[in-house]
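Student: Pasting target30.pdb here (PDB, N, CA and C atoms):
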ATOM      1  N   MET A   9     148.055  34.585  45.219
ATOM      2  CA  MET A   9     146.899  35.430  45.033
ATOM      3  C   MET A   9     147.178  36.336  43.837
ATOM      4  N   GLY A  10     146.369  36.260  42.810
ATOM      5  CA  GLY A  10     146.573  37.033  41.599
ATOM      6  C   GLY A  10     145.849  38.357  41.621
ATOM      7  N   ILE A  11     146.119  39.148  40.629
ATOM      8  CA  ILE A  11     145.466  40.441  40.487
ATOM      9  C   ILE A  11     144.231  40.237  39.625
ATOM     10  N   ASP A  12     143.098  40.794  40.051
ATOM     11  CA  ASP A  12     141.875  40.605  39.267
ATOM     12  C   ASP A  12     141.909  41.457  37.998
ATOM     13  N   SER A  13     141.005  41.168  37.082
ATOM     14  CA  SER A  13     141.022  41.807  35.764
ATOM     15  C   SER A  13     140.752  43.310  35.840
ATOM     16  N   GLY A  14     139.897  43.746  36.776
ATOM     17  CA  GLY A  14     139.606  45.176  36.909
ATOM     18  C   GLY A  14     140.840  45.961  37.313
ATOM     19  N   LEU A  15     141.603  45.386  38.224
ATOM     20  CA  LEU A  15     142.829  46.038  38.679
ATOM     21  C   LEU A  15     143.871  46.026  37.569
ATOM     22  N   GLN A  16     143.964  44.913  36.839
ATOM     23  CA  GLN A  16     144.904  44.833  35.712
ATOM     24  C   GLN A  16     144.548  45.845  34.636
ATOM     25  N   ALA A  17     143.248  45.983  34.336
ATOM     26  CA  ALA A  17     142.820  46.922  33.301
ATOM     27  C   ALA A  17     143.147  48.353  33.706
ATOM     28  N   ALA A  18     142.897  48.694  34.972
ATOM     29  CA  ALA A  18     143.207  50.042  35.452
ATOM     30  C   ALA A  18     144.713  50.300  35.392
ATOM     31  N   ALA A  19     145.497  49.285  35.737
ATOM     32  CA  ALA A  19     146.951  49.442  35.684
ATOM     33  C   ALA A  19     147.411  49.594  34.241
ATOM     34  N   ALA A  20     146.796  48.841  33.316
ATOM     35  CA  ALA A  20     147.173  48.922  31.897
ATOM     36  C   ALA A  20     146.845  50.295  31.328
ATOM     37  N   ARG A  21     145.725  50.882  31.797
ATOM     38  CA  ARG A  21     145.354  52.227  31.333
ATOM     39  C   ARG A  21     146.162  53.305  32.043
ATOM     40  N   ARG A  22     146.928  52.893  33.022
ATOM     41  CA  ARG A  22     147.709  53.809  33.870
ATOM     42  C   ARG A  22     146.806  54.784  34.605
ATOM     43  N   ASP A  23     145.635  54.249  34.954
ATOM     44  CA  ASP A  23     144.669  55.036  35.726
ATOM     45  C   ASP A  23     144.989  54.820  37.210
ATOM     46  N   ILE A  24     145.926  55.599  37.702
ATOM     47  CA  ILE A  24     146.418  55.430  39.066
ATOM     48  C   ILE A  24     145.287  55.622  40.084
ATOM     49  N   GLY A  25     144.407  56.569  39.814
ATOM     50  CA  GLY A  25     143.289  56.802  40.731
ATOM     51  C   GLY A  25     142.426  55.566  40.892
ATOM     52  N   ALA A  26     142.134  54.882  39.786
ATOM     53  CA  ALA A  26     141.316  53.670  39.838
ATOM     54  C   ALA A  26     142.049  52.556  40.577
ATOM     55  N   VAL A  27     143.353  52.453  40.357
ATOM     56  CA  VAL A  27     144.145  51.429  41.045
ATOM     57  C   VAL A  27     144.112  51.691  42.552
ATOM     58  N   VAL A  28     144.336  52.926  42.946
ATOM     59  CA  VAL A  28     144.352  53.272  44.370
ATOM     60  C   VAL A  28     142.990  52.998  44.995
ATOM     61  N   ARG A  29     141.891  53.376  44.309
ATOM     62  CA  ARG A  29     140.551  53.134  44.854
ATOM     63  C   ARG A  29     140.283  51.642  45.029
ATOM     64  N   GLN A  30     140.676  50.841  44.049
ATOM     65  CA  GLN A  30     140.423  49.399  44.140
ATOM     66  C   GLN A  30     141.234  48.768  45.267
ATOM     67  N   VAL A  31     142.473  49.191  45.411
ATOM     68  CA  VAL A  31     143.305  48.652  46.490
ATOM     69  C   VAL A  31     142.745  49.099  47.838
ATOM     70  N   ALA A  32     142.338  50.355  47.949
ATOM     71  CA  ALA A  32     141.773  50.860  49.204
ATOM     72  C   ALA A  32     140.490  50.119  49.558
ATOM     73  N   ASP A  33     139.660  49.822  48.563
ATOM     74  CA  ASP A  33     138.431  49.074  48.819
ATOM     75  C   ASP A  33     138.734  47.685  49.369
ATOM     76  N   ARG A  34     139.786  47.083  48.869
ATOM     77  CA  ARG A  34     140.161  45.750  49.352
ATOM     78  C   ARG A  34     140.682  45.796  50.782
ATOM     79  N   LEU A  35     141.346  46.870  51.145
ATOM     80  CA  LEU A  35     141.937  46.970  52.472
ATOM     81  C   LEU A  35     140.964  47.505  53.518
ATOM     82  N   ALA A  36     139.860  48.075  53.077
ATOM     83  CA  ALA A  36     138.887  48.633  54.017
ATOM     84  C   ALA A  36     138.231  47.518  54.814
ATOM     85  N   PRO A  37     137.977  47.752  56.114
ATOM     86  CA  PRO A  37     137.306  46.725  56.912
ATOM     87  C   PRO A  37     135.856  46.576  56.473
ATOM     88  N   PRO A  38     135.252  45.417  56.726
ATOM     89  CA  PRO A  38     133.840  45.236  56.401
ATOM     90  C   PRO A  38     132.985  46.267  57.129
ATOM     91  N   ALA A  39     131.816  46.548  56.586
ATOM     92  CA  ALA A  39     130.945  47.592  57.136
ATOM     93  C   ALA A  39     130.487  47.283  58.554
ATOM     94  N   ASP A  40     130.387  45.991  58.910
ATOM     95  CA  ASP A  40     129.886  45.644  60.238
ATOM     96  C   ASP A  40     130.962  45.649  61.315
ATOM     97  N   VAL A  41     132.206  45.996  60.955
ATOM     98  CA  VAL A  41     133.283  46.057  61.934
ATOM     99  C   VAL A  41     133.180  47.375  62.692
ATOM    100  N   VAL A  42     133.229  47.287  64.009
ATOM    101  CA  VAL A  42     133.115  48.462  64.861
ATOM    102  C   VAL A  42     134.494  49.099  65.018
ATOM    103  N   ASP A  43     134.547  50.427  64.953
ATOM    104  CA  ASP A  43     135.791  51.152  65.178
ATOM    105  C   ASP A  43     136.096  51.078  66.674
ATOM    106  N   LEU A  44     137.095  50.280  67.040
ATOM    107  CA  LEU A  44     137.372  50.025  68.445
ATOM    108  C   LEU A  44     137.826  51.265  69.207
ATOM    109  N   SER A  45     138.296  52.286  68.499
ATOM    110  CA  SER A  45     138.736  53.493  69.190
ATOM    111  C   SER A  45     137.554  54.304  69.727
ATOM    112  N   THR A  46     136.355  54.003  69.269
ATOM    113  CA  THR A  46     135.179  54.752  69.716
ATOM    114  C   THR A  46     134.274  53.944  70.639
ATOM    115  N   VAL A  47     134.625  52.688  70.917
ATOM    116  CA  VAL A  47     133.778  51.847  71.751
ATOM    117  C   VAL A  47     133.890  52.283  73.208
ATOM    118  N   LYS A  48     132.746  52.433  73.866
ATOM    119  CA  LYS A  48     132.715  52.730  75.288
ATOM    120  C   LYS A  48     132.386  51.430  76.009
ATOM    121  N   TYR A  49     133.117  51.167  77.087
ATOM    122  CA  TYR A  49     132.913  49.946  77.852
ATOM    123  C   TYR A  49     132.267  50.272  79.192
ATOM    124  N   LEU A  50     131.363  49.412  79.612
ATOM    125  CA  LEU A  50     130.655  49.576  80.877
ATOM    126  C   LEU A  50     131.147  48.536  81.874
ATOM    127  N   THR A  51     131.159  48.904  83.143
ATOM    128  CA  THR A  51     131.524  47.955  84.186
ATOM    129  C   THR A  51     130.306  47.116  84.549
ATOM    130  N   VAL A  52     130.560  46.027  85.276
ATOM    131  CA  VAL A  52     129.460  45.184  85.732
ATOM    132  C   VAL A  52     128.559  45.979  86.677
ATOM    133  N   LEU A  53     129.149  46.835  87.499
ATOM    134  CA  LEU A  53     128.353  47.659  88.402
ATOM    135  C   LEU A  53     127.452  48.624  87.627
ATOM    136  N   GLU A  54     127.964  49.212  86.543
ATOM    137  CA  GLU A  54     127.139  50.107  85.721
ATOM    138  C   GLU A  54     125.983  49.348  85.078
ATOM    139  N   ILE A  55     126.256  48.123  84.621
ATOM    140  CA  ILE A  55     125.201  47.287  84.037
ATOM    141  C   ILE A  55     124.137  46.997  85.097
ATOM    142  N   ALA A  56     124.582  46.557  86.272
ATOM    143  CA  ALA A  56     123.656  46.209  87.352
ATOM    144  C   ALA A  56     122.838  47.424  87.784
ATOM    145  N   THR A  57     123.488  48.567  87.884
ATOM    146  CA  THR A  57     122.787  49.785  88.302
ATOM    147  C   THR A  57     121.737  50.188  87.274
ATOM    148  N   THR A  58     122.096  50.116  86.009
ATOM    149  CA  THR A  58     121.152  50.482  84.949
ATOM    150  C   THR A  58     119.939  49.558  84.953
ATOM    151  N   LEU A  59     120.187  48.262  85.135
ATOM    152  CA  LEU A  59     119.089  47.288  85.147
ATOM    153  C   LEU A  59     118.370  47.221  86.492
ATOM    154  N   ARG A  60     118.966  47.857  87.507
ATOM    155  CA  ARG A  60     118.443  47.819  88.872
ATOM    156  C   ARG A  60     118.338  46.389  89.380
ATOM    157  N   VAL A  61     119.455  45.669  89.195
ATOM    158  CA  VAL A  61     119.576  44.296  89.680
ATOM    159  C   VAL A  61     120.881  44.195  90.474
ATOM    160  N   ALA A  62     121.061  43.087  91.154
ATOM    161  CA  ALA A  62     122.297  42.849  91.894
ATOM    162  C   ALA A  62     123.456  42.620  90.921
ATOM    163  N   ARG A  63     124.665  42.920  91.377
ATOM    164  CA  ARG A  63     125.837  42.677  90.525
ATOM    165  C   ARG A  63     125.937  41.208  90.129
ATOM    166  N   MET A  64     125.564  40.308  91.041
ATOM    167  CA  MET A  64     125.630  38.879  90.739
ATOM    168  C   MET A  64     124.719  38.526  89.558
ATOM    169  N   THR A  65     123.591  39.179  89.449
ATOM    170  CA  THR A  65     122.683  38.954  88.322
ATOM    171  C   THR A  65     123.346  39.379  87.023
ATOM    172  N   ALA A  66     124.044  40.516  87.048
ATOM    173  CA  ALA A  66     124.762  40.983  85.860
ATOM    174  C   ALA A  66     125.872  39.995  85.498
ATOM    175  N   TYR A  67     126.597  39.495  86.501
ATOM    176  CA  TYR A  67     127.642  38.493  86.237
ATOM    177  C   TYR A  67     127.040  37.236  85.609
ATOM    178  N   ARG A  68     125.878  36.818  86.089
ATOM    179  CA  ARG A  68     125.233  35.623  85.525
ATOM    180  C   ARG A  68     124.868  35.825  84.057
ATOM    181  N   LEU A  69     124.369  37.015  83.716
ATOM    182  CA  LEU A  69     124.045  37.308  82.314
ATOM    183  C   LEU A  69     125.291  37.165  81.443
ATOM    184  N   ILE A  70     126.406  37.634  81.955
ATOM    185  CA  ILE A  70     127.676  37.566  81.211
ATOM    186  C   ILE A  70     128.149  36.129  81.099
ATOM    187  N   HIS A  71     128.160  35.406  82.227
ATOM    188  CA  HIS A  71     128.675  34.035  82.211
ATOM    189  C   HIS A  71     127.808  33.075  81.414
ATOM    190  N   ARG A  72     126.509  33.358  81.322
ATOM    191  CA  ARG A  72     125.629  32.523  80.489
ATOM    192  C   ARG A  72     125.740  32.863  79.011
ATOM    193  N   GLY A  73     126.452  33.957  78.699
ATOM    194  CA  GLY A  73     126.624  34.349  77.305
ATOM    195  C   GLY A  73     125.494  35.207  76.771
ATOM    196  N   GLU A  74     124.579  35.627  77.627
ATOM    197  CA  GLU A  74     123.482  36.483  77.183
ATOM    198  C   GLU A  74     123.949  37.907  76.925
ATOM    199  N   LEU A  75     125.009  38.292  77.606
ATOM    200  CA  LEU A  75     125.560  39.634  77.484
ATOM    201  C   LEU A  75     127.048  39.502  77.178
ATOM    202  N   PRO A  76     127.481  39.847  75.951
ATOM    203  CA  PRO A  76     128.888  39.684  75.589
ATOM    204  C   PRO A  76     129.772  40.624  76.400
ATOM    205  N   ALA A  77     130.948  40.135  76.768
ATOM    206  CA  ALA A  77     131.874  40.930  77.565
ATOM    207  C   ALA A  77     133.303  40.536  77.248
ATOM    208  N   ILE A  78     134.213  41.393  77.666
ATOM    209  CA  ILE A  78     135.633  41.083  77.546
ATOM    210  C   ILE A  78     136.240  41.140  78.938
ATOM    211  N   LYS A  79     137.341  40.440  79.102
ATOM    212  CA  LYS A  79     138.025  40.444  80.377
ATOM    213  C   LYS A  79     139.340  41.187  80.195
ATOM    214  N   VAL A  80     139.587  42.159  81.058
ATOM    215  CA  VAL A  80     140.827  42.921  81.045
ATOM    216  C   VAL A  80     141.482  42.665  82.396
ATOM    217  N   GLY A  81     142.470  41.794  82.392
ATOM    218  CA  GLY A  81     143.034  41.363  83.671
ATOM    219  C   GLY A  81     141.972  40.601  84.436
ATOM    220  N   ARG A  82     141.636  41.098  85.616
ATOM    221  CA  ARG A  82     140.579  40.468  86.412
ATOM    222  C   ARG A  82     139.254  41.221  86.297
ATOM    223  N   GLN A  83     139.238  42.276  85.516
ATOM    224  CA  GLN A  83     138.053  43.107  85.358
ATOM    225  C   GLN A  83     137.232  42.661  84.144
ATOM    226  N   ILE A  84     135.935  42.785  84.238
ATOM    227  CA  ILE A  84     135.044  42.455  83.127
ATOM    228  C   ILE A  84     134.426  43.751  82.619
ATOM    229  N   ARG A  85     134.423  43.901  81.303
ATOM    230  CA  ARG A  85     133.833  45.080  80.679
ATOM    231  C   ARG A  85     132.877  44.642  79.577
ATOM    232  N   VAL A  86     131.788  45.390  79.449
ATOM    233  CA  VAL A  86     130.771  45.097  78.441
ATOM    234  C   VAL A  86     130.733  46.268  77.465
ATOM    235  N   PRO A  87     130.894  46.002  76.153
ATOM    236  CA  PRO A  87     130.782  47.094  75.186
ATOM    237  C   PRO A  87     129.382  47.716  75.259
ATOM    238  N   GLU A  88     129.328  49.039  75.265
ATOM    239  CA  GLU A  88     128.052  49.733  75.404
ATOM    240  C   GLU A  88     127.071  49.342  74.298
ATOM    241  N   HIS A  89     127.564  49.205  73.057
ATOM    242  CA  HIS A  89     126.659  48.839  71.960
ATOM    243  C   HIS A  89     126.074  47.447  72.168
ATOM    244  N   ALA A  90     126.838  46.532  72.779
ATOM    245  CA  ALA A  90     126.328  45.187  73.047
ATOM    246  C   ALA A  90     125.246  45.228  74.119
ATOM    247  N   PHE A  91     125.437  46.087  75.126
ATOM    248  CA  PHE A  91     124.427  46.238  76.178
ATOM    249  C   PHE A  91     123.147  46.832  75.608
ATOM    250  N   GLN A  92     123.277  47.832  74.750
ATOM    251  CA  GLN A  92     122.104  48.437  74.129
ATOM    252  C   GLN A  92     121.358  47.423  73.262
ATOM    253  N   GLU A  93     122.103  46.595  72.538
ATOM    254  CA  GLU A  93     121.472  45.551  71.713
ATOM    255  C   GLU A  93     120.748  44.533  72.600
ATOM    256  N   TYR A  94     121.379  44.176  73.710
ATOM    257  CA  TYR A  94     120.751  43.255  74.658
ATOM    258  C   TYR A  94     119.415  43.827  75.144
ATOM    259  N   LEU A  95     119.414  45.119  75.495
ATOM    260  CA  LEU A  95     118.180  45.752  75.966
ATOM    261  C   LEU A  95     117.114  45.781  74.876
ATOM    262  N   ARG A  96     117.512  46.093  73.642
ATOM    263  CA  ARG A  96     116.542  46.103  72.526
ATOM    264  C   ARG A  96     115.924  44.723  72.349
ATOM    265  N   ASP A  97     116.746  43.687  72.435
ATOM    266  CA  ASP A  97     116.239  42.317  72.300
ATOM    267  C   ASP A  97     115.275  41.971  73.430
ATOM    268  N   ARG A  98     115.594  42.413  74.639
ATOM    269  CA  ARG A  98     114.725  42.126  75.781
ATOM    270  C   ARG A  98     113.391  42.849  75.646
ATOM    271  N   TYR A  99     113.430  44.093  75.132
ATOM    272  CA  TYR A  99     112.171  44.817  74.912
ATOM    273  C   TYR A  99     111.315  44.068  73.905
ATOM    274  N   ALA A 100     111.936  43.574  72.844
ATOM    275  CA  ALA A 100     111.194  42.842  71.821
ATOM    276  C   ALA A 100     110.627  41.559  72.407
ATOM    277  N   ASP A 101     111.428  40.829  73.202
ATOM    278  CA  ASP A 101     110.949  39.596  73.821
ATOM    279  C   ASP A 101     109.786  39.868  74.761
ATOM    280  N   ALA A 102     109.898  40.944  75.546
ATOM    281  CA  ALA A 102     108.831  41.283  76.490
ATOM    282  C   ALA A 102     107.553  41.638  75.741
ATOM    283  N   GLY A 103     107.681  42.360  74.644
ATOM    284  CA  GLY A 103     106.514  42.729  73.858
ATOM    285  C   GLY A 103     105.829  41.516  73.263
ATOM    286  N   LEU A 104     106.616  40.564  72.772
ATOM    287  CA  LEU A 104     106.038  39.350  72.209
ATOM    288  C   LEU A 104     105.361  38.504  73.287
ATOM    289  N   ALA A 105     105.979  38.426  74.462
ATOM    290  CA  ALA A 105     105.412  37.625  75.537
ATOM    291  C   ALA A 105     104.101  38.243  76.015
ATOM    292  N   LEU A 106     104.059  39.556  76.141
ATOM    293  CA  LEU A 106     102.841  40.214  76.590
ATOM    294  C   LEU A 106     101.735  40.125  75.546
ATOM    295  N   ALA A 107     102.103  40.236  74.276
ATOM    296  CA  ALA A 107     101.103  40.166  73.204
ATOM    297  C   ALA A 107     100.548  38.752  73.086
ATOM    298  N   GLY A 108     101.386  37.758  73.375
ATOM    299  CA  GLY A 108     100.939  36.374  73.258
ATOM    300  C   GLY A 108     100.239  35.855  74.504
ATOM    301  N   GLY A 109     100.137  36.711  75.529
ATOM    302  CA  GLY A 109      99.465  36.280  76.741
ATOM    303  C   GLY A 109     100.327  35.381  77.616
ATOM    304  N   GLN A 110     101.646  35.415  77.383
ATOM    305  CA  GLN A 110     102.548  34.561  78.156
ATOM    306  C   GLN A 110     103.293  35.395  79.189
ATOM    307  N   GLY A 111     102.624  36.284  79.854
ATOM    308  CA  GLY A 111     103.256  37.171  80.834
ATOM    309  C   GLY A 111     103.919  36.390  81.956
ATOM    310  N   ALA A 112     104.815  37.065  82.663
ATOM    311  CA  ALA A 112     105.577  36.399  83.716
ATOM    312  C   ALA A 112     104.778  36.131  84.937
TER     313      ALA A 112
END
Starting from the coordinates I provided, produce the structure as structure tokens.
Tutor:
Amino acid sequence: MGIDSGLQAAAARRDIGAVVRQVADRLAPPADVVDLSTVKYLTVLEIATTLRVARMTAYRLIHRGELPAIKVGRQIRVPEHAFQEYLRDRYADAGLALAGGQGA
């Protein structure tokens, strides 16, 4: 892996600040990466309680892949942001179904 021309030019000018910024930009995580130290995880019971459904229904959502989750030992946890995204998607789906006359 070679050094790109911008980094070489900054090094040739002995512009240490520019070199440091370019290296830091390369090492920075992509913008869509979530800071894992701030992620809150919800239990299956919390998911079920919020949705007012049985725990088995929440487990089915997870096992079908509709709701992303991680397994910690024998416990299942759902990232809060993933649950919120799931709810936003469901609201959008419900709105489209009602607007199209395809109600349940």
Student: Between atom C of Leu75 of chain A and atom N of Ala90 of chain A, what is the distance, to one decimal in Å?
Tutor: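 Result for atom C of Leu75 of chain A versus atom N of Ala90 of chain A: 8.3 Å, one decimal.
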Student: Could you jot down the atom N of Arg60 of chain A to atom N of Gly81 of chain A separation for me, Å, one decimal place?
Tutor: 24.8 Å
Student: Centre and edge lengths, as lines of an AutoDock Vina configuration file, for the axis-aligned box enclosing every listed atom of segment 75-92 of chain A with 3 Å of padding on each of the six sides, in Å to one decimal?
Tutor:
center_x = 132.2
center_y = 44.0
center_z = 79.2
size_x = 27.7
size_y = 17.4
size_z = 20.5
Student: Within 10 Å of segment 54-57 of chain A, counting only C-alpha atoms, which residues show up once you throw out same-chain ones fewer than 3 positions away? Write them as a PyMOL selection string, please.
Tutor: chain A and resi 49-51+60-67+85-86+88+91
Student: Using all atoms listed in the file, which of the listed residues (A:Leu59, A:Leu53, A:Glu74, A:Lys48) sits closest to His89 of chain A?
Tutor: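 Selected residue with least distance to His89 of chain A: A:Lys48.
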